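K.L.:
My questions all concern the structure below.
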Amino acid sequence: MPPIDCEDQELLEGFLAETTELLEKLDDDLIALEKASEDMDLMNRIFRSIHTIKGASSFLGFDLLVKVAHKTEDVLNRLRKGELVVNPGIMDVILEATDLVKLLVSDIKAGDIQERETESTIAKLLPLLLESAKIPQQAPEEPSIVVQPEATENETPIEAPSEESPASDLPEEPVAAPDKPTPQPPVSGAVAVAKPASNVAAKKSPTPPKPAEGKGGDDLSDNTTVRVDVKRLDDLMNQVGELVLERNRMIQINQDLHQGENNRADFQEEFGKLTKRMSFVTSELQMQVLKMRMIPVEKVFKKFPRIVRSMSRDLGKEVDLQIVGEETELDRSVVDEIGDPLIHLIRNAMDHGLETPDVRLAAGKPRCGTLVLAAVHEGNQIIISIKDDGNGIDPDRVGQKAIEKGLITEEQFAAMSQREIFDLIFLPGFSTKDKATDLSGRGVGMDVVKTNIKKLNGIIEIKSTKGLGSEFILRLPLTLAIIQSLLVEVEGEIYSIPLSSVLETIRVDQRQFHLIGGQEVLKLRDIVLPLIRLQRVFNVQQRNEPSDFCYVVVVGAAEKRMGLVVTRLVGQQEVAIKSLGNYLANIPGIAGSTILGDGRVALIIDPVGMTEGCEGAISR
Amino acid sequence: MNNALVPVKVDDALGELIQLVSFRLDQEEYGVDVLKVREIIRMPMVTRVPNTPFYVEGVINLRGKVVPIICVRKKFGLTESENDKQTRIMVMDMDGELMGFIVDAVSEVIRISGSEIQPSPAMVAGGIDQECISGVINQADRLLVLLNLERMFSRDEKNFFNGM
């Protein structure tokens, strides 16, 4: 391995950026190829990607990478020429190889090139290159046949046998297998030895690549550089040009005023116009810059077909993953954070939600389960939903488990609404599984979902009907830098509440408040809303005469709802979030600060921190 | 503290000239390294921040940056006084972050040589943490207490600020 030449740093960075991009696309394409093996365009694109990676890495002298990429390219080339036909076995080997390429690339990126073990993967690729590995032409349908029985065989969701069964007990396989050895005799001895190996490799392959799958790609994605459409940049430049003109105009008006050339009325009119234009240009500019920070949610979504594929093979379930709205754009900071929660939700749907084909058939559903991952804009929020048509959440079972684990008491359970019961699944340590598997059962996943969504000021909703499926709906703010907020006044002090978490505001008579165990609550339609007096939490001094009426801002944080009691509502404003700095970063209930029009600093309330403070108060 | 305010070992810094900003606080004069001071401003409007230590006055808007403000009098356990025309905020660079300190008045920038700095006398009692005093300068007509404000939040406060 030659050391990375520092002089070529720029070249190297270019290589890494390009390769990373290609590899991200590659995963997606490969999964697509498995479904549409006839698609020549797709095939060619995949081939070109690998070819480019190979070419670039050989130019830079990354030998290991070249070796792996080269062999993968050869296999793809045979697929392309129709000498091989795509089937899950081959696909597993190719995916394993791309994972290895990713690993090698991330090594290069990290700057320490290690001697990775590449031989075993290459060894799996090699048999596919031999003449004898040619798949008989009379069985072009084979791949599709193979996929199906594989899943059917697994009546029991026990992991280990499910992997073996497709290879050994397939009714179709024996028919296809005898065909394969037929071309063998004429070939030389060396190949004959290799031949059985190819069979073994192809069949065993589902097992070894598992640990690598789904990982490799994560550490590759790089968020330190942004690629911006030239057009967007030009637009931005135009806007800045306009801004400069307006500034000049402002200087002019100021000068005129000082020299007394303008009378007061003129000045007012001019200044009014200027203000309007300025505000127009700045909001345009703001939009432009925001757009540059936006990336399609596809960046996260495209990881999932691969994950779903490997999970469905592991679990012996048939899943049709439908992705809707992957072009929906959202802020990169949000995109970075939603990957993990989505993986957990998908795992959850796959593992707990969807049933095995037989159970499904017995329940009168189509054998293949559907998992819909959808993203859509709604106002200044993005809504991501994960919907499965599995068996839904059983409230009784969830309740029983929670009682067993000592998370709630029987009495508490009896008093719970369905919604509250669903919320139990977010508790750390909660799982309906009796035993933890490598997929689920530790009770960590949903807690991760909750924490991450809270961090983003998002809201989670669960809709579920027993027997028909569940839907998890995530409502997230579009961006974290500039937010819509509701300004409220608490005894003379102005606070800002992110509008994304505000559900409604109501004006109520304080006499309508009830007291349950020292906690003030408000009956709001059919729910009992816990109340938090901001004045008390923030130790604000009473300034005005206490009045009977006050305003309650109903906020939602993740799956929780509560009411914040304030003196007055000031209005809605778009505010830029400013951090309070390291020293004041962790004040409970405060998410940050912003600067108001008059230059004052207003604190932004963190509804999530609020809920926690509230929980703490109750438990104490 | 790699670039401590004042060389603690007096011998090492014999001939070295140090510039200090001197400020007044309840009759006493203090000094801090000029390089740590970003700017000195008058009292602007301060927004109170709830649930912070008593000596955190709040935050201010410093040309679009939100800067926390510490009341040094409160921090040092001195009697509180009304802000007047002389009251200033010294905006200091604390490990890369800006932080403002309210002082009674800022006097001047003085030059002293390292050899003039004496180790601080053993403190009997009082609100000032010994740690943030890095020495005293005993001149004929004045006594200057050298402060290292970065050490002001040494243990407890940093824990408080980070561990909440």
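Note on naming: chains are A, B, ... as they come in the structure tokens, residues start from 1 per chain, ligands start from 1 in the order shown.
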Using only C-alpha atoms, which residues sit within 10 Å of segment 73-87 of chain B once same-chain residues fewer than 5 positions away are excluded, as a ChimeraX atom specification?
P.N.:
/B:24-26,41-43,53-57,101-107,126-129,152
K.L.:
Would you output that residue set with C-alpha atoms, as a PDB file, in the first residue's frame?
P.N.:
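As a result, selection-v4.pdb now contains:
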ATOM      1  CA  ARG B  24     -12.404  49.066  39.854  1.00  0.00           C
ATOM      2  CA  LEU B  25     -14.657  46.969  41.961  1.00  0.00           C
ATOM      3  CA  ASP B  26     -15.791  48.118  45.379  1.00  0.00           C
ATOM      4  CA  ILE B  41     -19.135  48.448  26.610  1.00  0.00           C
ATOM      5  CA  ARG B  42     -21.719  50.352  28.595  1.00  0.00           C
ATOM      6  CA  MET B  43     -24.604  48.558  30.216  1.00  0.00           C
ATOM      7  CA  PRO B  53     -26.586  30.764  39.303  1.00  0.00           C
ATOM      8  CA  PHE B  54     -27.321  33.996  41.187  1.00  0.00           C
ATOM      9  CA  TYR B  55     -24.351  35.849  39.706  1.00  0.00           C
ATOM     10  CA  VAL B  56     -25.459  35.306  36.103  1.00  0.00           C
ATOM     11  CA  GLU B  57     -27.079  38.595  35.297  1.00  0.00           C
ATOM     12  CA  PHE B 101     -18.346  40.865  33.234  1.00  0.00           C
ATOM     13  CA  ILE B 102     -19.980  43.780  34.967  1.00  0.00           C
ATOM     14  CA  VAL B 103     -17.446  45.975  36.796  1.00  0.00           C
ATOM     15  CA  ASP B 104     -17.785  49.311  38.572  1.00  0.00           C
ATOM     16  CA  ALA B 105     -15.452  51.178  36.263  1.00  0.00           C
ATOM     17  CA  VAL B 106     -12.646  50.515  33.847  1.00  0.00           C
ATOM     18  CA  SER B 107      -9.625  52.703  34.487  1.00  0.00           C
ATOM     19  CA  GLY B 126     -13.876  36.035  51.543  1.00  0.00           C
ATOM     20  CA  GLY B 127     -15.870  35.417  48.466  1.00  0.00           C
ATOM     21  CA  ILE B 128     -13.129  35.537  45.885  1.00  0.00           C
ATOM     22  CA  ASP B 129     -11.932  32.136  45.001  1.00  0.00           C
ATOM     23  CA  MET B 152     -13.285  31.815  37.880  1.00  0.00           C
TER      24      MET B 152
END
K.L.:
Taking only C-alpha atoms into account and nothing else, which residues of chain A lie no more than 10 Å away from chain B? Please answer as an MDAnalysis selection string.
P.N.:
chainID A and resid 493:494 537:540 578:590 592:596 599:603
K.L.:
Using only N, CA and C atoms, please write the residues we just selected to a file, as a compact mmCIF listing (two decimals), in the first residue's frame.
P.N.:
# COMPACT_ATOMS: atom_id res chain seq x y z
N GLU A 493 -41.89 39.78 30.77
CA GLU A 493 -40.75 39.20 30.06
C GLU A 493 -41.27 38.47 28.82
N ILE A 494 -40.51 38.64 27.72
CA ILE A 494 -40.94 38.02 26.47
C ILE A 494 -40.21 36.69 26.28
N VAL A 537 -41.99 28.50 36.91
CA VAL A 537 -40.81 27.75 36.48
C VAL A 537 -39.63 28.70 36.27
N PHE A 538 -39.91 29.86 35.73
CA PHE A 538 -38.82 30.79 35.41
C PHE A 538 -38.63 31.87 36.49
N ASN A 539 -39.30 31.70 37.61
CA ASN A 539 -39.17 32.65 38.73
C ASN A 539 -39.32 34.10 38.29
N VAL A 540 -40.36 34.38 37.55
CA VAL A 540 -40.56 35.75 37.11
C VAL A 540 -41.32 36.50 38.20
N LYS A 578 -30.23 31.68 18.20
CA LYS A 578 -28.85 31.96 18.60
C LYS A 578 -28.55 31.10 19.82
N SER A 579 -27.38 30.53 19.82
CA SER A 579 -27.05 29.71 20.97
C SER A 579 -26.69 30.61 22.15
N LEU A 580 -26.89 30.10 23.33
CA LEU A 580 -26.55 30.87 24.51
C LEU A 580 -25.09 30.67 24.89
N GLY A 581 -24.37 29.93 24.09
CA GLY A 581 -22.97 29.67 24.41
C GLY A 581 -22.84 28.48 25.34
N ASN A 582 -21.61 28.01 25.47
CA ASN A 582 -21.39 26.80 26.27
C ASN A 582 -21.78 26.96 27.72
N TYR A 583 -21.54 28.16 28.24
CA TYR A 583 -21.73 28.32 29.68
C TYR A 583 -23.18 28.21 30.09
N LEU A 584 -24.08 28.61 29.21
CA LEU A 584 -25.49 28.58 29.57
C LEU A 584 -26.26 27.58 28.71
N ALA A 585 -25.53 26.59 28.19
CA ALA A 585 -26.16 25.71 27.20
C ALA A 585 -27.22 24.79 27.80
N ASN A 586 -27.11 24.48 29.07
CA ASN A 586 -27.95 23.40 29.59
C ASN A 586 -29.00 23.84 30.59
N ILE A 587 -29.57 25.00 30.38
CA ILE A 587 -30.60 25.43 31.31
C ILE A 587 -31.88 24.67 31.00
N PRO A 588 -32.45 24.02 31.99
CA PRO A 588 -33.66 23.24 31.71
C PRO A 588 -34.78 24.14 31.21
N GLY A 589 -35.43 23.71 30.15
CA GLY A 589 -36.57 24.47 29.65
C GLY A 589 -36.22 25.57 28.67
N ILE A 590 -34.92 25.85 28.51
CA ILE A 590 -34.52 26.90 27.56
C ILE A 590 -33.71 26.26 26.43
N GLY A 592 -32.59 28.05 23.65
CA GLY A 592 -31.66 28.97 23.02
C GLY A 592 -32.23 30.36 23.16
N SER A 593 -31.76 31.25 22.29
CA SER A 593 -32.27 32.61 22.40
C SER A 593 -32.40 33.18 21.00
N THR A 594 -33.03 34.30 20.92
CA THR A 594 -33.14 34.97 19.65
C THR A 594 -33.17 36.47 19.92
N ILE A 595 -32.95 37.23 18.85
CA ILE A 595 -32.92 38.68 19.03
C ILE A 595 -34.17 39.27 18.39
N LEU A 596 -34.89 40.03 19.17
CA LEU A 596 -36.14 40.61 18.68
C LEU A 596 -35.85 41.86 17.85
N GLY A 599 -33.88 44.66 19.28
CA GLY A 599 -32.52 44.39 19.73
C GLY A 599 -32.44 43.65 21.04
N ARG A 600 -33.59 43.45 21.67
CA ARG A 600 -33.56 42.72 22.93
C ARG A 600 -33.38 41.23 22.67
N VAL A 601 -32.85 40.54 23.67
CA VAL A 601 -32.72 39.09 23.55
C VAL A 601 -33.95 38.45 24.17
N ALA A 602 -34.57 37.50 23.45
CA ALA A 602 -35.68 36.76 24.03
C ALA A 602 -35.25 35.30 24.09
N LEU A 603 -35.64 34.62 25.15
CA LEU A 603 -35.26 33.22 25.30
C LEU A 603 -36.28 32.34 24.59
K.L.:
For atom CA of Val608 of chain A and atom CA of Ile473 of chain A, quote the distance in Å rounded to one decimal.
P.N.:
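If I compute the distance from atom CA of Val608 of chain A to atom CA of Ile473 of chain A, I get 17.7 Å.
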K.L.:
Atom CA of Ile482 of chain A to atom CA of Leu529 of chain A: how many Å, to one decimal?
P.N.:
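Atom-to-atom, atom CA of Ile482 of chain A and atom CA of Leu529 of chain A are spaced 29.0 Å apart.
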K.L.:
Can you work out the spacing between atom CA of Ile383 of chain A and atom CA of Val297 of chain A in Å, to one decimal?
P.N.:
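Between atom CA of Ile383 of chain A and atom CA of Val297 of chain A the gap is 11.1 Å.
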K.L.:
Write out as a PDB file with C-alpha atoms, in the first residue's frame which residues come within 8 Å of Glu116 of chain B when counting only C-alpha atoms, dropping same-chain ones fewer than 3 positions away.
P.N.:
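Below you can see selection25.pdb, which holds the result:
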ATOM      1  CA  ILE B 112       4.094  46.215  34.173  1.00  0.00           C
ATOM      2  CA  SER B 113       7.032  43.890  34.079  1.00  0.00           C
ATOM      3  CA  ILE B 137       1.141  44.055  42.068  1.00  0.00           C
ATOM      4  CA  ASN B 138       2.368  46.209  44.861  1.00  0.00           C
TER       5      ASN B 138
END
K.L.:
From a DSSP pass on the backbone, collect the residues of segment 15-159 of chain B flagged as helix (DSSP H, G or I) and hand them back as a list in words.
P.N.:
Val34, Leu35, Lys36, Val72, Arg73, Lys74, Lys75, Gly114, Ser115, Glu116, Gln130, Glu131, Cys132, Leu149, Glu150, Arg151, Met152, Phe153, Asp156, Glu157, Lys158 and Asn159 of chain B
K.L.:
For the residues selected in the previous step, produce a file with N, CA and C atoms as an mmCIF file, in the first residue's frame.
P.N.:
data_model
loop_
_atom_site.group_PDB
_atom_site.id
_atom_site.type_symbol
_atom_site.label_atom_id
_atom_site.label_comp_id
_atom_site.auth_asym_id
_atom_site.auth_seq_id
_atom_site.Cartn_x
_atom_site.Cartn_y
_atom_site.Cartn_z
ATOM 1 N N VAL B 34 -4.674 42.155 28.921
ATOM 2 C CA VAL B 34 -5.336 42.951 27.892
ATOM 3 C C VAL B 34 -5.736 42.085 26.695
ATOM 4 N N LEU B 35 -4.985 41.040 26.473
ATOM 5 C CA LEU B 35 -5.261 40.220 25.293
ATOM 6 C C LEU B 35 -6.557 39.420 25.422
ATOM 7 N N LYS B 36 -7.010 39.282 26.667
ATOM 8 C CA LYS B 36 -8.240 38.514 26.864
ATOM 9 C C LYS B 36 -9.476 39.392 26.694
ATOM 10 N N VAL B 72 -19.731 40.546 38.533
ATOM 11 C CA VAL B 72 -18.549 40.174 39.306
ATOM 12 C C VAL B 72 -18.756 40.467 40.791
ATOM 13 N N ARG B 73 -19.468 41.542 41.077
ATOM 14 C CA ARG B 73 -19.750 41.857 42.478
ATOM 15 C C ARG B 73 -20.452 40.702 43.165
ATOM 16 N N LYS B 74 -21.490 40.201 42.518
ATOM 17 C CA LYS B 74 -22.224 39.086 43.123
ATOM 18 C C LYS B 74 -21.337 37.868 43.236
ATOM 19 N N LYS B 75 -20.580 37.649 42.198
ATOM 20 C CA LYS B 75 -19.734 36.467 42.173
ATOM 21 C C LYS B 75 -18.719 36.506 43.315
ATOM 22 N N GLY B 114 6.994 41.574 34.461
ATOM 23 C CA GLY B 114 6.655 40.359 35.178
ATOM 24 C C GLY B 114 7.233 40.307 36.576
ATOM 25 N N SER B 115 8.329 40.975 36.773
ATOM 26 C CA SER B 115 8.995 40.882 38.071
ATOM 27 C C SER B 115 8.222 41.602 39.165
ATOM 28 N N GLU B 116 7.310 42.478 38.756
ATOM 29 C CA GLU B 116 6.547 43.215 39.761
ATOM 30 C C GLU B 116 5.444 42.387 40.386
ATOM 31 N N GLN B 130 -9.709 31.790 45.660
ATOM 32 C CA GLN B 130 -8.264 31.972 45.606
ATOM 33 C C GLN B 130 -7.717 31.666 44.215
ATOM 34 N N GLU B 131 -8.328 30.702 43.607
ATOM 35 C CA GLU B 131 -7.778 30.206 42.346
ATOM 36 C C GLU B 131 -7.712 31.243 41.239
ATOM 37 N N CYS B 132 -8.674 32.158 41.223
ATOM 38 C CA CYS B 132 -8.659 33.063 40.094
ATOM 39 C C CYS B 132 -7.813 34.303 40.356
ATOM 40 N N LEU B 149 -9.738 35.362 34.934
ATOM 41 C CA LEU B 149 -11.177 35.084 34.982
ATOM 42 C C LEU B 149 -11.537 33.727 34.416
ATOM 43 N N GLU B 150 -10.653 33.193 33.600
ATOM 44 C CA GLU B 150 -10.961 31.862 33.078
ATOM 45 C C GLU B 150 -11.005 30.845 34.199
ATOM 46 N N ARG B 151 -10.275 31.149 35.252
ATOM 47 C CA ARG B 151 -10.278 30.200 36.363
ATOM 48 C C ARG B 151 -11.442 30.444 37.303
ATOM 49 N N MET B 152 -12.193 31.478 36.995
ATOM 50 C CA MET B 152 -13.285 31.815 37.880
ATOM 51 C C MET B 152 -14.290 30.668 37.942
ATOM 52 N N PHE B 153 -14.492 30.042 36.803
ATOM 53 C CA PHE B 153 -15.434 28.927 36.804
ATOM 54 C C PHE B 153 -14.626 27.648 36.765
ATOM 55 N N ASP B 156 -16.746 23.840 40.351
ATOM 56 C CA ASP B 156 -18.180 23.718 40.610
ATOM 57 C C ASP B 156 -19.032 24.319 39.507
ATOM 58 N N GLU B 157 -18.646 25.518 39.110
ATOM 59 C CA GLU B 157 -19.487 26.193 38.140
ATOM 60 C C GLU B 157 -19.478 25.483 36.809
ATOM 61 N N LYS B 158 -18.291 25.075 36.399
ATOM 62 C CA LYS B 158 -18.254 24.388 35.110
ATOM 63 C C LYS B 158 -19.112 23.152 35.184
ATOM 64 N N ASN B 159 -19.035 22.466 36.307
ATOM 65 C CA ASN B 159 -19.888 21.298 36.478
ATOM 66 C C ASN B 159 -21.343 21.705 36.428
#
K.L.:
Might you pull out every residue within 12 Å of Asp235 of chain A, with only C-alpha atoms counted and same-chain residues fewer than 3 positions away left off, and present them as an MDAnalysis selection string?
P.N.:
chainID A and resid 228:232 238:242 281 284:289 291:292
K.L.:
Can I get the selection written as a compact mmCIF listing (two decimals), in the first residue's frame, with N, CA and C atoms?
P.N.:
# COMPACT_ATOMS: atom_id res chain seq x y z
N VAL A 228 -23.69 22.76 -4.40
CA VAL A 228 -24.81 23.65 -4.65
C VAL A 228 -24.98 23.81 -6.16
N ASP A 229 -26.22 23.75 -6.57
CA ASP A 229 -26.57 23.98 -7.94
C ASP A 229 -26.07 25.38 -8.36
N VAL A 230 -25.41 25.44 -9.52
CA VAL A 230 -24.86 26.72 -9.96
C VAL A 230 -25.97 27.76 -10.09
N LYS A 231 -27.13 27.30 -10.50
CA LYS A 231 -28.23 28.23 -10.70
C LYS A 231 -28.64 28.88 -9.38
N ARG A 232 -28.67 28.05 -8.37
CA ARG A 232 -29.02 28.58 -7.05
C ARG A 232 -28.00 29.62 -6.61
N ASN A 238 -27.55 37.35 -7.41
CA ASN A 238 -28.49 38.40 -7.80
C ASN A 238 -29.11 39.08 -6.60
N GLN A 239 -29.54 38.24 -5.67
CA GLN A 239 -30.17 38.77 -4.48
C GLN A 239 -29.22 39.67 -3.71
N VAL A 240 -27.98 39.20 -3.60
CA VAL A 240 -27.00 39.99 -2.87
C VAL A 240 -26.78 41.31 -3.60
N GLY A 241 -26.76 41.27 -4.92
CA GLY A 241 -26.63 42.48 -5.70
C GLY A 241 -27.73 43.47 -5.37
N GLU A 242 -28.95 42.95 -5.28
CA GLU A 242 -30.07 43.82 -4.95
C GLU A 242 -29.92 44.42 -3.57
N VAL A 281 -36.17 41.74 -0.10
CA VAL A 281 -34.90 41.15 -0.52
C VAL A 281 -34.34 40.21 0.54
N GLU A 284 -36.24 36.97 0.60
CA GLU A 284 -35.85 36.16 -0.56
C GLU A 284 -34.50 35.50 -0.31
N LEU A 285 -33.59 36.33 0.18
CA LEU A 285 -32.25 35.86 0.45
C LEU A 285 -32.27 34.72 1.47
N GLN A 286 -33.09 34.92 2.46
CA GLN A 286 -33.22 33.90 3.49
C GLN A 286 -33.70 32.59 2.89
N MET A 287 -34.68 32.68 2.03
CA MET A 287 -35.20 31.49 1.37
C MET A 287 -34.12 30.79 0.56
N GLN A 288 -33.36 31.62 -0.17
CA GLN A 288 -32.31 31.06 -1.01
C GLN A 288 -31.28 30.28 -0.19
N VAL A 289 -30.84 30.94 0.87
CA VAL A 289 -29.81 30.29 1.69
C VAL A 289 -30.37 29.04 2.34
N LYS A 291 -32.64 27.19 1.13
CA LYS A 291 -32.75 26.16 0.10
C LYS A 291 -31.41 25.45 -0.08
N MET A 292 -30.33 26.22 0.04
CA MET A 292 -29.02 25.61 -0.13
C MET A 292 -28.73 24.61 0.96
K.L.:
Which of these residues is nearest to Ala110 of chain A, using only C-alpha atoms: A:Leu12, A:Leu478, A:Ala414, A:Val521?
P.N.:
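Of A:Leu12, A:Leu478, A:Ala414, A:Val521, the one nearest Ala110 of chain A, counting only C-alpha atoms, is A:Leu12.
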K.L.:
With a distance cut-off of 12 Å and only C-alpha atoms, select the neighbouring residues of Leu524 of chain A, excluding the residue or stretch itself and same-chain residues fewer than 4 positions from it, and output the selection as a list in words.
P.N.:
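My list of contacting residues is Glu504, Thr505, Ile506, Arg507, Val508, Gln512, Phe513, His514, Val528, Leu529, Pro530, Leu531, Val552, Val553, Val554, Arg561, Met562 and Gly563 of chain A.
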